[in-house]
$ cat target17.txt   # compact mmCIF, C-alpha atoms (C1' of nucleotides)
# COMPACT_ATOMS: atom_id res chain seq x y z
CA MET A 1 116.25 100.87 157.11
CA ARG A 2 113.42 99.14 155.41
CA LEU A 3 113.98 95.46 155.85
CA THR A 4 110.81 93.73 154.81
CA THR A 5 109.71 90.50 153.23
CA LYS A 6 110.16 92.21 149.89
CA GLY A 7 113.89 92.69 150.37
CA ARG A 8 114.25 89.20 151.81
CA TYR A 9 112.42 87.68 148.86
CA ALA A 10 114.62 89.56 146.44
CA VAL A 11 117.82 88.36 148.11
CA THR A 12 116.49 84.81 148.30
CA ALA A 13 115.57 84.83 144.61
CA MET A 14 118.95 86.25 143.61
CA LEU A 15 120.68 83.62 145.70
CA ASP A 16 118.64 80.97 143.92
CA LEU A 17 119.91 82.35 140.62
CA ALA A 18 123.47 82.27 141.90
CA ILE A 19 123.17 78.67 143.08
CA HIS A 20 121.73 77.44 139.81
CA TYR A 21 123.91 79.58 137.60
CA GLU A 22 125.40 76.54 135.85
CA GLN A 23 121.99 75.47 134.58
CA GLY A 24 121.62 78.41 132.23
CA PRO A 25 118.67 80.78 132.33
CA ILE A 26 116.40 80.09 135.30
CA THR A 27 112.69 80.66 134.96
CA LEU A 28 110.71 82.52 137.55
CA ALA A 29 108.43 79.49 137.70
CA ASP A 30 111.35 77.43 138.99
CA ILE A 31 112.25 80.01 141.60
CA SER A 32 108.62 80.33 142.57
CA GLN A 33 108.42 76.62 143.29
CA ARG A 34 111.76 76.23 145.05
CA GLN A 35 111.48 79.35 147.19
CA GLU A 36 107.71 79.45 147.58
CA ILE A 37 107.27 82.97 146.32
CA SER A 38 104.28 83.79 144.14
CA LEU A 39 105.13 84.03 140.48
CA SER A 40 103.57 87.40 139.85
CA TYR A 41 105.28 88.86 142.89
CA LEU A 42 108.59 87.60 141.54
CA GLU A 43 107.78 89.28 138.25
CA GLN A 44 107.49 92.61 140.03
CA LEU A 45 110.72 92.12 141.90
CA PHE A 46 112.63 91.02 138.81
CA SER A 47 111.38 93.97 136.88
CA LYS A 48 113.23 96.18 139.36
CA LEU A 49 116.24 93.92 139.50
CA ARG A 50 116.50 94.08 135.75
CA LYS A 51 116.18 97.86 135.65
CA ASN A 52 119.01 98.02 138.17
CA GLU A 53 121.03 95.78 135.88
CA LEU A 54 121.47 93.04 138.43
CA VAL A 55 120.03 90.39 136.11
CA ASN A 56 119.72 89.70 132.40
CA SER A 57 116.63 88.15 130.93
CA ALA A 58 116.09 85.87 127.95
CA ARG A 59 112.66 85.37 126.47
CA GLY A 60 111.04 82.47 124.75
CA PRO A 61 111.17 78.76 125.52
CA GLY A 62 114.40 77.94 127.30
CA GLY A 63 114.61 81.51 128.49
CA GLY A 64 114.75 82.91 132.00
CA TYR A 65 116.99 85.06 134.13
CA ARG A 66 120.70 85.04 134.88
CA LEU A 67 122.91 87.14 137.07
CA SER A 68 124.41 89.90 134.97
CA ARG A 69 127.64 89.78 137.01
CA PRO A 70 129.61 87.11 138.86
CA ALA A 71 127.96 86.33 142.18
CA GLU A 72 131.10 87.57 143.93
CA ASP A 73 130.41 91.06 142.60
CA VAL A 74 126.82 91.35 143.75
CA ALA A 75 126.33 92.78 147.24
CA VAL A 76 123.23 92.00 149.24
CA ALA A 77 122.84 95.73 149.90
CA GLU A 78 122.46 96.38 146.17
CA ILE A 79 119.66 93.89 145.89
CA ILE A 80 117.70 95.37 148.76
CA ALA A 81 118.25 98.88 147.50
CA ALA A 82 117.02 97.81 144.07
CA VAL A 83 113.65 96.64 145.32
CA ASP A 84 113.15 98.76 148.44
CA GLU A 85 114.54 101.98 147.08
CA THR A 86 115.97 102.99 150.45
CA VAL A 87 118.35 101.69 153.07
CA ASP A 88 117.71 104.20 155.78
CA ALA A 89 116.67 104.23 159.43
CA THR A 90 115.86 107.92 159.72
CA ARG A 91 112.44 109.36 159.11
CA CYS A 92 113.78 112.39 157.25
CA LYS A 93 115.77 110.47 154.61
CA ARG A 94 118.92 111.84 156.22
CA LYS A 95 118.00 115.41 155.36
CA GLY A 96 117.99 116.50 159.00
CA ASN A 97 114.61 118.20 158.79
CA CYS A 98 112.95 115.70 161.09
CA GLN A 99 111.61 118.34 163.46
CA HIS A 100 110.27 121.35 161.60
CA ALA A 101 113.22 122.54 159.58
CA GLU A 102 115.75 121.11 162.00
CA ARG A 103 117.00 117.77 163.15
CA CYS A 104 115.39 115.76 165.89
CA LEU A 105 117.19 114.60 169.01
CA THR A 106 118.11 111.21 167.68
CA HIS A 107 118.88 112.11 164.08
CA ASP A 108 122.56 111.22 164.24
CA LEU A 109 121.90 107.94 165.99
CA TRP A 110 119.70 106.69 163.17
CA CYS A 111 122.15 107.92 160.56
CA ASP A 112 124.95 105.99 162.23
CA LEU A 113 122.80 102.89 162.45
CA SER A 114 121.85 103.14 158.79
CA ASP A 115 125.52 103.32 157.88
CA GLN A 116 126.23 100.30 160.03
CA ILE A 117 123.53 98.21 158.41
CA PHE A 118 124.47 99.31 154.94
CA ASP A 119 128.13 98.49 155.51
CA PHE A 120 127.24 95.06 156.77
CA LEU A 121 125.09 94.23 153.77
CA ALA A 122 127.46 95.90 151.32
CA ASN A 123 130.24 93.59 152.41
CA ILE A 124 128.29 90.39 151.86
CA SER A 125 128.23 89.13 148.28
CA LEU A 126 125.99 86.50 146.81
CA GLY A 127 129.18 84.57 146.09
CA SER A 128 130.11 84.39 149.76
CA LEU A 129 126.63 83.13 150.61
CA VAL A 130 126.74 80.40 147.98
CA GLU A 131 129.89 79.02 149.57
CA LYS A 132 128.34 78.60 152.99
CA LYS A 133 127.60 75.07 154.02
CA ALA A 134 124.24 75.95 155.54
CA VAL A 135 123.14 77.50 152.26
CA GLN A 136 124.35 74.52 150.25
CA ASP A 137 122.46 72.16 152.53
CA VAL A 138 119.22 74.04 152.10
CA ALA A 139 119.73 74.30 148.36
CA ARG A 140 120.27 70.55 148.10
CA ARG A 141 117.11 69.92 150.06
CA GLN A 142 115.13 72.24 147.82
CA ASP A 143 116.52 70.66 144.66
CA ASN A 144 115.63 67.19 145.88
CA ALA A 145 112.12 68.25 146.79
CA LEU A 146 111.58 69.65 143.30
CA PRO A 147 114.01 67.90 140.96
CA LEU A 148 113.09 69.78 137.82
CA ASN A 149 115.49 69.83 134.97
CA ARG A 150 114.97 71.01 131.47
CA GLU A 151 115.50 67.39 130.38
CA ASP A 152 112.80 65.70 132.43
CA VAL A 153 110.14 68.28 132.94
CA SER A 154 107.56 65.68 132.10
CA LEU A 155 108.37 63.83 135.31
CA LYS A 156 107.31 66.55 137.65
CA GLU A 157 103.94 66.67 139.24
CA PRO A 158 102.01 69.88 139.63
CA TYR A 159 103.26 71.83 142.60
CA VAL A 160 100.79 72.30 145.41
CA ALA A 161 101.42 74.77 148.18
CA MET B 1 114.69 93.92 162.86
CA ARG B 2 111.72 96.07 163.36
CA LEU B 3 112.94 99.62 163.33
CA THR B 4 109.91 101.81 163.10
CA THR B 5 108.74 105.18 164.28
CA LYS B 6 107.58 103.42 167.42
CA GLY B 7 111.09 102.48 168.45
CA ARG B 8 112.43 105.85 167.40
CA TYR B 9 109.78 107.63 169.44
CA ALA B 10 110.60 105.52 172.47
CA VAL B 11 114.30 106.26 172.24
CA THR B 12 113.64 109.94 171.71
CA ALA B 13 111.34 110.10 174.73
CA MET B 14 113.81 108.24 176.93
CA LEU B 15 116.55 110.58 175.81
CA ASP B 16 114.34 113.50 176.77
CA LEU B 17 114.01 111.98 180.23
CA ALA B 18 117.76 111.56 180.47
CA ILE B 19 118.43 115.15 179.42
CA HIS B 20 115.97 116.59 181.94
CA TYR B 21 116.78 114.18 184.70
CA GLU B 22 117.83 116.99 187.06
CA GLN B 23 114.37 118.51 186.94
CA GLY B 24 112.70 115.68 188.81
CA PRO B 25 109.75 113.73 187.41
CA ILE B 26 108.95 114.71 183.82
CA THR B 27 105.37 114.63 182.60
CA LEU B 28 104.39 113.05 179.35
CA ALA B 29 102.78 116.37 178.45
CA ASP B 30 106.22 118.01 178.53
CA ILE B 31 107.74 115.32 176.37
CA SER B 32 104.80 115.50 174.03
CA GLN B 33 105.38 119.21 173.47
CA ARG B 34 109.15 119.10 173.19
CA GLN B 35 109.37 116.05 170.97
CA GLU B 36 106.08 116.46 169.11
CA ILE B 37 104.74 113.04 169.90
CA SER B 38 101.06 112.65 170.68
CA LEU B 39 100.32 112.31 174.38
CA SER B 40 98.23 109.18 174.09
CA TYR B 41 100.82 107.50 171.96
CA LEU B 42 103.41 108.31 174.60
CA GLU B 43 101.14 106.76 177.21
CA GLN B 44 101.14 103.52 175.28
CA LEU B 45 104.88 103.53 174.90
CA PHE B 46 105.50 104.35 178.55
CA SER B 47 103.19 101.60 179.65
CA LYS B 48 105.62 99.18 178.04
CA LEU B 49 108.69 101.00 179.26
CA ARG B 50 107.35 100.82 182.80
CA LYS B 51 106.57 97.12 182.53
CA ASN B 52 110.15 96.60 181.39
CA GLU B 53 111.34 98.57 184.40
CA LEU B 54 113.13 101.19 182.36
CA VAL B 55 111.22 104.03 184.06
CA ASN B 56 109.54 104.76 187.37
CA SER B 57 106.28 106.64 187.52
CA ALA B 58 104.77 108.97 190.12
CA ARG B 59 101.11 109.90 189.98
CA GLY B 60 99.38 113.08 190.93
CA PRO B 61 100.46 116.69 190.59
CA GLY B 62 104.21 117.02 190.47
CA GLY B 63 104.37 113.45 189.23
CA GLY B 64 105.73 112.11 186.02
CA TYR B 65 108.38 109.68 184.87
CA ARG B 66 112.05 109.23 185.69
CA LEU B 67 114.68 106.83 184.46
CA SER B 68 114.85 103.92 186.84
CA ARG B 69 118.61 103.59 186.26
CA PRO B 70 121.47 105.95 185.46
CA ALA B 71 121.43 106.92 181.80
CA GLU B 72 124.81 105.24 181.37
CA ASP B 73 123.21 101.90 182.17
CA VAL B 74 120.36 102.09 179.68
CA ALA B 75 121.13 100.73 176.22
CA VAL B 76 119.20 101.90 173.19
CA ALA B 77 118.63 98.26 172.28
CA GLU B 78 116.72 97.71 175.51
CA ILE B 79 114.37 100.56 174.76
CA ILE B 80 113.54 99.34 171.28
CA ALA B 81 113.10 95.80 172.51
CA ALA B 82 110.75 97.06 175.23
CA VAL B 83 108.33 98.68 172.79
CA ASP B 84 108.80 96.57 169.69
CA GLU B 85 109.09 93.23 171.40
CA THR B 86 111.57 92.02 168.85
CA VAL B 87 114.92 92.95 167.40
CA ASP B 88 114.96 90.49 164.61
CA ALA B 89 115.37 90.52 160.84
CA THR B 90 114.18 86.97 160.18
CA ARG B 91 110.61 86.07 159.37
CA CYS B 92 110.65 82.99 161.56
CA LYS B 93 111.73 84.67 164.79
CA ARG B 94 115.02 82.81 164.53
CA LYS B 95 113.33 79.46 164.91
CA GLY B 96 114.58 78.24 161.55
CA ASN B 97 111.17 77.02 160.40
CA CYS B 98 110.89 79.63 157.68
CA GLN B 99 110.25 77.07 154.94
CA HIS B 100 107.90 74.35 156.06
CA ALA B 101 109.64 72.88 159.07
CA GLU B 102 113.07 73.88 157.85
CA ARG B 103 115.11 76.97 157.34
CA CYS B 104 114.97 79.07 154.22
CA LEU B 105 117.94 79.82 152.04
CA THR B 106 118.80 83.10 153.69
CA HIS B 107 117.99 82.28 157.29
CA ASP B 108 121.53 82.64 158.58
CA LEU B 109 122.06 85.92 156.76
CA TRP B 110 119.14 87.57 158.55
CA CYS B 111 120.21 86.11 161.85
CA ASP B 112 123.70 87.55 161.43
CA LEU B 113 122.27 90.92 160.47
CA SER B 114 119.99 90.94 163.49
CA ASP B 115 122.97 90.23 165.72
CA GLN B 116 124.88 93.04 164.10
CA ILE B 117 122.12 95.58 164.63
CA PHE B 118 121.52 94.42 168.15
CA ASP B 119 125.20 94.69 169.05
CA PHE B 120 125.36 98.18 167.68
CA LEU B 121 122.36 99.37 169.64
CA ALA B 122 123.34 97.43 172.76
CA ASN B 123 126.60 99.33 172.93
CA ILE B 124 125.04 102.76 172.83
CA SER B 125 123.75 104.05 176.14
CA LEU B 126 121.45 106.98 176.74
CA GLY B 127 124.31 108.46 178.74
CA SER B 128 126.64 108.45 175.76
CA LEU B 129 124.00 110.17 173.66
CA VAL B 130 123.41 112.91 176.23
CA GLU B 131 127.08 113.82 176.05
CA LYS B 132 127.08 114.38 172.33
CA LYS B 133 127.30 117.97 171.23
CA ALA B 134 124.72 117.55 168.47
CA VAL B 135 122.22 116.21 170.99
CA GLN B 136 122.91 119.01 173.44
CA ASP B 137 122.40 121.59 170.71
CA VAL B 138 119.04 120.18 169.74
CA ALA B 139 118.00 119.90 173.38
CA ARG B 140 118.86 123.55 173.99
CA ARG B 141 116.84 124.59 170.98
CA GLN B 142 113.86 122.57 172.15
CA ASP B 143 114.07 123.98 175.66
CA ASN B 144 114.17 127.52 174.34
CA ALA B 145 111.23 126.95 172.05
CA LEU B 146 109.13 125.67 174.94
CA PRO B 147 110.56 127.06 178.17
CA LEU B 148 108.13 125.40 180.54
CA ASN B 149 109.08 125.05 184.13
CA ARG B 150 106.99 123.96 187.04
CA GLU B 151 107.23 127.54 188.29
CA ASP B 152 105.84 129.40 185.32
CA VAL B 153 103.44 127.06 183.63
CA SER B 154 100.95 129.92 183.45
CA LEU B 155 103.18 131.71 180.93
CA LYS B 156 102.93 129.12 178.25
CA GLU B 157 100.53 129.37 175.39
CA PRO B 158 98.61 126.40 174.11
CA TYR B 159 100.76 124.28 171.91
CA VAL B 160 99.71 124.07 168.30
CA ALA B 161 101.16 121.48 165.95
C1' DA C 1 102.76 80.21 110.64
C1' DA C 2 101.36 78.35 114.93
C1' DT C 3 102.19 77.59 119.36
C1' DA C 4 104.27 77.35 123.66
C1' DT C 5 106.76 79.67 126.68
C1' DA C 6 108.44 83.62 128.74
C1' DC C 7 108.34 88.44 130.23
C1' DT C 8 105.62 93.23 131.00
C1' DT C 9 102.38 96.28 132.76
C1' DG C 10 99.00 98.17 135.50
C1' DA C 11 95.09 97.98 138.22
C1' DC C 12 93.28 96.11 142.16
C1' DT C 13 92.88 94.21 147.02
C1' DA C 14 92.88 91.81 151.65
C1' DA C 15 95.26 91.99 155.72
C1' DA C 16 98.25 93.93 158.90
C1' DA C 17 100.61 97.60 161.11
C1' DT C 18 100.90 102.34 162.54
C1' DG C 19 99.90 106.23 164.91
C1' DC C 20 96.67 108.07 166.88
C1' DT C 21 91.89 109.52 169.29
C1' DT C 22 88.33 109.13 172.67
C1' DG C 23 86.75 108.49 176.95
C1' DG C 24 87.29 107.13 180.71
C1' DT C 25 89.63 105.56 185.90
C1' DT C 26 92.60 106.07 189.57
C1' DT C 27 96.01 108.30 192.58
C1' DT C 28 98.26 112.14 194.71
C1' DT C 29 99.00 116.82 195.91
C1' DT C 30 97.38 121.30 197.20
C1' DA D 1 87.28 119.27 197.02
C1' DA D 2 89.70 120.34 192.92
C1' DA D 3 93.24 119.74 189.95
C1' DA D 4 97.09 117.32 187.95
C1' DA D 5 98.97 113.75 186.66
C1' DA D 6 99.46 108.60 185.59
C1' DC D 7 96.92 104.61 183.92
C1' DC D 8 93.78 101.82 180.88
C1' DA D 9 90.91 99.99 176.97
C1' DA D 10 88.68 100.19 172.80
C1' DG D 11 88.29 101.76 168.44
C1' DC D 12 89.65 103.94 164.04
C1' DA D 13 91.61 106.10 159.78
C1' DT D 14 95.41 105.78 157.03
C1' DT D 15 99.26 103.66 155.07
C1' DT D 16 102.01 99.87 153.90
C1' DT D 17 102.64 95.19 152.67
C1' DA D 18 102.36 91.48 150.02
C1' DG D 19 100.49 89.98 147.08
C1' DT D 20 96.60 88.59 142.90
C1' DC D 21 94.49 89.18 138.42
C1' DA D 22 93.97 90.27 133.72
C1' DA D 23 95.50 91.37 129.50
C1' DG D 24 98.79 91.89 127.04
C1' DT D 25 103.87 91.68 124.17
C1' DA D 26 108.02 89.26 122.67
C1' DT D 27 110.68 85.24 121.35
C1' DA D 28 112.01 80.59 120.10
C1' DT D 29 110.73 76.21 118.66
C1' DT D 30 108.31 73.24 115.71

$ encode --input "target17.txt" --output "structure tokens"
Amino acid sequence: MRLTTKGRYAVTAMLDLAIHYEQGPITLADISQRQEISLSYLEQLFSKLRKNELVNSARGPGGGYRLSRPAEDVAVAEIIAAVDETVDATRCKRKGNCQHAERCLTHDLWCDLSDQIFDFLANISLGSLVEKKAVQDVARRQDNALPLNREDVSLKEPYVA
Amino acid sequence: MRLTTKGRYAVTAMLDLAIHYEQGPITLADISQRQEISLSYLEQLFSKLRKNELVNSARGPGGGYRLSRPAEDVAVAEIIAAVDETVDATRCKRKGNCQHAERCLTHDLWCDLSDQIFDFLANISLGSLVEKKAVQDVARRQDNALPLNREDVSLKEPYVA
DNA sequence: AATATACTTGACTAAAATGCTTGGTTTTTT
DNA sequence: AAAAAACCAAGCATTTTAGTCAAGTATATT
């Protein structure tokens, strides 16, 4: 299983989209500021998310990204798979050729673990995360810290990390 | 969760110890040949395993390493924790200060996942692995490929990777 | 039509982690 | 004494990570 900052960033960004779904297309600049992820890194991630049809994009002023499905139908496992390409704890990509042409001593153990992790993440949807109180609290804090709306963009000061 | 080759190597080496427990102290050179892990890397891993009291060492000819407890009482999670120092999927080491002084949007998700992985690995003992047929088959293959005993070391040819 | 805004692509890179290697030293047995 | 093993420390080459940067292309507003 590859579980790196990349996958975490992708899930965080997708959750941000889910939370602000009502507000129409969300720009990467907004996500960048709220979640403190560099804009160009987000661009890379969203390129993959779009190719995996997890988000739709709209160009031009007023554009941005939206979830392409209801948040309830998007599993965390899908998001990580979309950006990390693999959800696997073995070294042989489950082929069983870890030691020469054959399997190593612990091959089955890592396969079982991979299944376990995948099942866990496959059964958690963005929708279920949005409903959690802890998530809502953090989202409220982030929105208050950076209260940007399309109506009063002029009010905001430049963001400084 | 850090689940790298390091942790996999450590578990594999410990499983090798468990399988050959009857044969008295096992040298790292034996493990290195059977499991195809470099000797000096094994030394580093076993330094940590010893500090965590998972193995006992004996120096000098006829020396080597043994499990310090019955294989049934050694959880895979302990081994990985001993060499990787952490079994954690969050970026903040569970402190909840992932975003400035506060928690990030997905903090709880990664905490839950870490717990899940830890529970899985905490409930698998070396003993339960030794009993598995797949493991026994691989072990038999490895022993046949490199039939070194303390009695006929002179028979073996230099190992070539 | 001009412009602002948004997305796309690809090359590049600093820093960290990984998996070793080298070169020793001690300790114990024979 | 010689050999076999554990023990230790420093360094290193490669790969991966987590981005940045630059130069675009596309779209919507005005």

$ residues_around --input "target17.txt" --residues "DA3 in chain D" --least-positions-apart "5" --cutoff "12 Å" --atoms "only C-alpha atoms (C1' of nucleotides)" --output "list of chain:residue names"
B:Gly60, B:Pro61, B:Gly62, C:DT28, C:DT29, C:DT30

$ interface_residues --input "target17.txt" --of "chain C" --to "chain A" --cutoff "8 Å" --atoms "all atoms listed in the file" --output "list in words"
DA4, DT5, DA6 and DC7 of chain C

$ residues_around --input "target17.txt" --residues "Ile19 in chain A" --least-positions-apart "5" --cutoff "12 Å" --atoms "all atoms listed in the file" --output "PyMOL selection string"
(chain A and resi 12-14+24-26+31+34+66-67+70-72+126-132+135-140+142-143) or (chain B and resi 105)

$ atom_distance --input "target17.txt" --atom1 "CA of Val11 in chain A" --atom2 "CA of Gln33 in chain A"
15.8 Å

$ interface_residues --input "target17.txt" --of "chain D" --to "chain B" --cutoff "12 Å" --atoms "all atoms listed in the file" --output "PyMOL selection string"
chain D and resi 2-9

$ write_last_selection --input "target17.txt" --atoms "C-alpha atoms (C1' of nucleotides)" --output "short mmCIF file (atom, residue, chain, number, x, y, z; two decimals), keeping the file's coordinate frame"
data_model
loop_
_atom_site.label_atom_id
_atom_site.label_comp_id
_atom_site.auth_asym_id
_atom_site.auth_seq_id
_atom_site.Cartn_x
_atom_site.Cartn_y
_atom_site.Cartn_z
"C1'" DA D 2 89.70 120.34 192.92
"C1'" DA D 3 93.24 119.74 189.95
"C1'" DA D 4 97.09 117.32 187.95
"C1'" DA D 5 98.97 113.75 186.66
"C1'" DA D 6 99.46 108.60 185.59
"C1'" DC D 7 96.92 104.61 183.92
"C1'" DC D 8 93.78 101.82 180.88
"C1'" DA D 9 90.91 99.99 176.97
#

$ interface_residues --input "target17.txt" --of "chain A" --to "chain B" --cutoff "9 Å" --atoms "all atoms listed in the file" --output "VMD selection string"
chain A and resid 1 to 5 8 11 to 12 15 to 16 35 to 36 89 to 91 99 102 to 110 113 116 to 117 120 to 121 129 134 to 139

$ atom_distance --input "target17.txt" --atom1 "CA of Ser68 in chain B" --atom2 "CA of Asn56 in chain B"
5.4 Å

$ axis_aligned_box --input "target17.txt" --around "range 6-18 of chain C" --padding-each-side "6 Å" --output "lines of an AutoDock Vina configuration file"
center_x = 100.7
center_y = 93.0
center_z = 145.6
size_x = 27.6
size_y = 30.7
size_z = 45.8

$ atom_distance --input "target17.txt" --atom1 "CA of Ile79 in chain A" --atom2 "C1' of DT13 in chain C"
26.8 Å

$ residues_around --input "target17.txt" --residues "DA18 in chain D" --least-positions-apart "6" --cutoff "10 Å" --atoms "all atoms listed in the file" --output "list of chain:residue names"
A:Thr4, A:Thr5, A:Lys6, A:Ser38, A:Tyr41, C:DA14, C:DA15

$ residues_around --input "target17.txt" --residues "Ala82 in chain A" --least-positions-apart "5" --cutoff "9 Å" --atoms "all atoms listed in the file" --output "list of chain:residue names"
A:Gly7, A:Ala10, A:Leu45, A:Lys48, A:Leu49, A:Lys51, A:Asn52, A:Leu54, A:Ala77

$ residues_around --input "target17.txt" --residues "DC12 in chain C" --least-positions-apart "3" --cutoff "12 Å" --atoms "all atoms listed in the file" --output "CSV table (one decimal) with C-alpha atoms (C1' of nucleotides), in the coordinates of the input"
chain,number,residue,atom,x,y,z
D,19,DG,C1',100.5,90.0,147.1
D,20,DT,C1',96.6,88.6,142.9
D,21,DC,C1',94.5,89.2,138.4
D,22,DA,C1',94.0,90.3,133.7

$ decode --input "target17.txt" --residues "range 12-29 of chain C" --atoms "N, CA and C atoms (P, O5', C5', C4', C3', O3' and C1' of nucleotides)" --output "CSV table (one decimal), in the first residue's frame"
chain,number,residue,atom,x,y,z
C,12,DC,P,14.8,19.4,-18.7
C,12,DC,O5',14.9,19.9,-17.2
C,12,DC,C5',14.5,21.2,-16.9
C,12,DC,C4',14.3,21.4,-15.4
C,12,DC,C3',15.3,20.7,-14.6
C,12,DC,O3',16.1,21.7,-13.9
C,12,DC,C1',13.1,20.3,-13.8
C,13,DT,P,17.4,21.4,-13.1
C,13,DT,O5',16.9,21.3,-11.6
C,13,DT,C5',15.9,22.2,-11.1
C,13,DT,C4',15.6,21.9,-9.7
C,13,DT,C3',16.7,21.2,-9.0
C,13,DT,O3',16.8,21.7,-7.6
C,13,DT,C1',14.7,20.0,-8.8
C,14,DA,P,18.3,22.0,-7.1
C,14,DA,O5',17.9,22.2,-5.5
C,14,DA,C5',16.8,22.9,-5.1
C,14,DA,C4',16.1,22.2,-3.9
C,14,DA,C3',17.1,21.7,-2.9
C,14,DA,O3',16.6,22.0,-1.6
C,14,DA,C1',15.7,19.9,-3.7
C,15,DA,P,17.5,21.7,-0.3
C,15,DA,O5',16.7,20.5,0.3
C,15,DA,C5',15.3,20.5,0.4
C,15,DA,C4',14.7,19.2,0.8
C,15,DA,C3',15.5,18.5,1.9
C,15,DA,O3',14.6,18.1,2.8
C,15,DA,C1',15.2,17.0,0.0
C,16,DA,P,15.1,17.6,4.2
C,16,DA,O5',14.6,16.0,4.2
C,16,DA,C5',13.3,15.8,3.8
C,16,DA,C4',13.2,14.4,3.4
C,16,DA,C3',13.7,13.3,4.4
C,16,DA,O3',12.6,12.6,4.8
C,16,DA,C1',14.4,12.8,2.1
C,17,DA,P,12.9,11.4,6.0
C,17,DA,O5',12.9,10.1,5.1
C,17,DA,C5',11.9,10.0,4.1
C,17,DA,C4',12.2,8.7,3.3
C,17,DA,C3',12.6,7.5,4.1
C,17,DA,O3',11.9,6.4,3.6
C,17,DA,C1',14.2,7.9,2.4
C,18,DT,P,12.0,5.0,4.4
C,18,DT,O5',12.9,4.2,3.3
C,18,DT,C5',12.6,4.4,1.9
C,18,DT,C4',13.6,3.5,1.1
C,18,DT,C3',14.0,2.2,1.8
C,18,DT,O3',13.8,1.2,0.8
C,18,DT,C1',15.9,3.5,1.1
C,19,DG,P,13.8,-0.3,1.3
C,19,DG,O5',15.3,-0.7,0.8
C,19,DG,C5',15.7,-0.6,-0.5
C,19,DG,C4',17.2,-0.8,-0.6
C,19,DG,C3',17.7,-2.0,0.1
C,19,DG,O3',18.8,-2.6,-0.7
C,19,DG,C1',18.9,-0.1,0.8
C,20,DC,P,19.0,-4.2,-0.6
C,20,DC,O5',20.1,-4.6,0.4
C,20,DC,C5',21.0,-3.7,1.1
C,20,DC,C4',21.9,-2.9,0.2
C,20,DC,C3',23.4,-3.3,0.4
C,20,DC,O3',24.0,-3.7,-0.8
C,20,DC,C1',23.0,-1.0,0.9
C,21,DT,P,25.4,-4.6,-0.7
C,21,DT,O5',26.5,-3.4,-0.3
C,21,DT,C5',26.7,-2.4,-1.3
C,21,DT,C4',27.9,-1.6,-0.8
C,21,DT,C3',29.1,-2.5,-0.4
C,21,DT,O3',30.3,-1.9,-1.0
C,21,DT,C1',28.5,-1.0,1.4
C,22,DT,P,31.6,-2.8,-1.0
C,22,DT,O5',32.6,-2.0,0.0
C,22,DT,C5',32.2,-0.6,0.3
C,22,DT,C4',33.0,-0.1,1.5
C,22,DT,C3',34.2,-0.9,1.9
C,22,DT,O3',35.3,-0.1,2.1
C,22,DT,C1',32.8,-0.5,3.8
C,23,DG,P,36.8,-0.7,2.3
C,23,DG,O5',36.9,-0.6,3.9
C,23,DG,C5',36.6,0.7,4.5
C,23,DG,C4',36.7,0.5,6.0
C,23,DG,C3',37.7,-0.5,6.5
C,23,DG,O3',38.4,0.0,7.6
C,23,DG,C1',35.6,-1.0,7.4
C,24,DG,P,39.8,-0.7,8.0
C,24,DG,O5',39.4,-1.9,9.0
C,24,DG,C5',39.6,-1.7,10.3
C,24,DG,C4',38.3,-1.2,11.0
C,24,DG,C3',38.2,-1.7,12.5
C,24,DG,O3',38.9,-0.8,13.3
C,24,DG,C1',36.1,-1.8,11.3
C,25,DT,P,39.7,-1.4,14.5
C,25,DT,O5',38.6,-1.9,15.5
C,25,DT,C5',37.8,-1.0,16.3
C,25,DT,C4',36.9,-1.9,17.2
C,25,DT,C3',37.6,-3.0,17.8
C,25,DT,O3',38.1,-2.7,19.1
C,25,DT,C1',35.5,-3.7,16.8
C,26,DT,P,37.2,-2.4,20.4
C,26,DT,O5',36.7,-3.9,20.6
C,26,DT,C5',35.8,-4.1,21.7
C,26,DT,C4',34.8,-5.1,21.4
C,26,DT,C3',34.9,-6.3,22.4
C,26,DT,O3',33.8,-6.3,23.2
C,26,DT,C1',34.4,-7.0,20.1
C,27,DT,P,34.0,-7.0,24.7
C,27,DT,O5',33.5,-8.5,24.3
C,27,DT,C5',32.2,-8.6,23.8
C,27,DT,C4',32.0,-10.1,23.3
C,27,DT,C3',32.5,-11.2,24.2
C,27,DT,O3',31.4,-11.9,24.5
C,27,DT,C1',33.2,-11.6,22.0
C,28,DT,P,31.4,-13.0,25.7
C,28,DT,O5',31.6,-14.3,24.9
C,28,DT,C5',30.7,-14.7,23.9
C,28,DT,C4',31.2,-15.9,23.1
C,28,DT,C3',31.8,-17.0,23.9
C,28,DT,O3',30.9,-18.1,23.6
C,28,DT,C1',33.2,-16.5,22.1
C,29,DT,P,31.0,-19.5,24.4
C,29,DT,O5',31.8,-20.4,23.4
C,29,DT,C5',31.2,-20.6,22.1
C,29,DT,C4',32.2,-21.1,21.1
C,29,DT,C3',32.7,-22.5,21.5
C,29,DT,O3',32.4,-23.4,20.4
C,29,DT,C1',34.4,-21.0,20.7
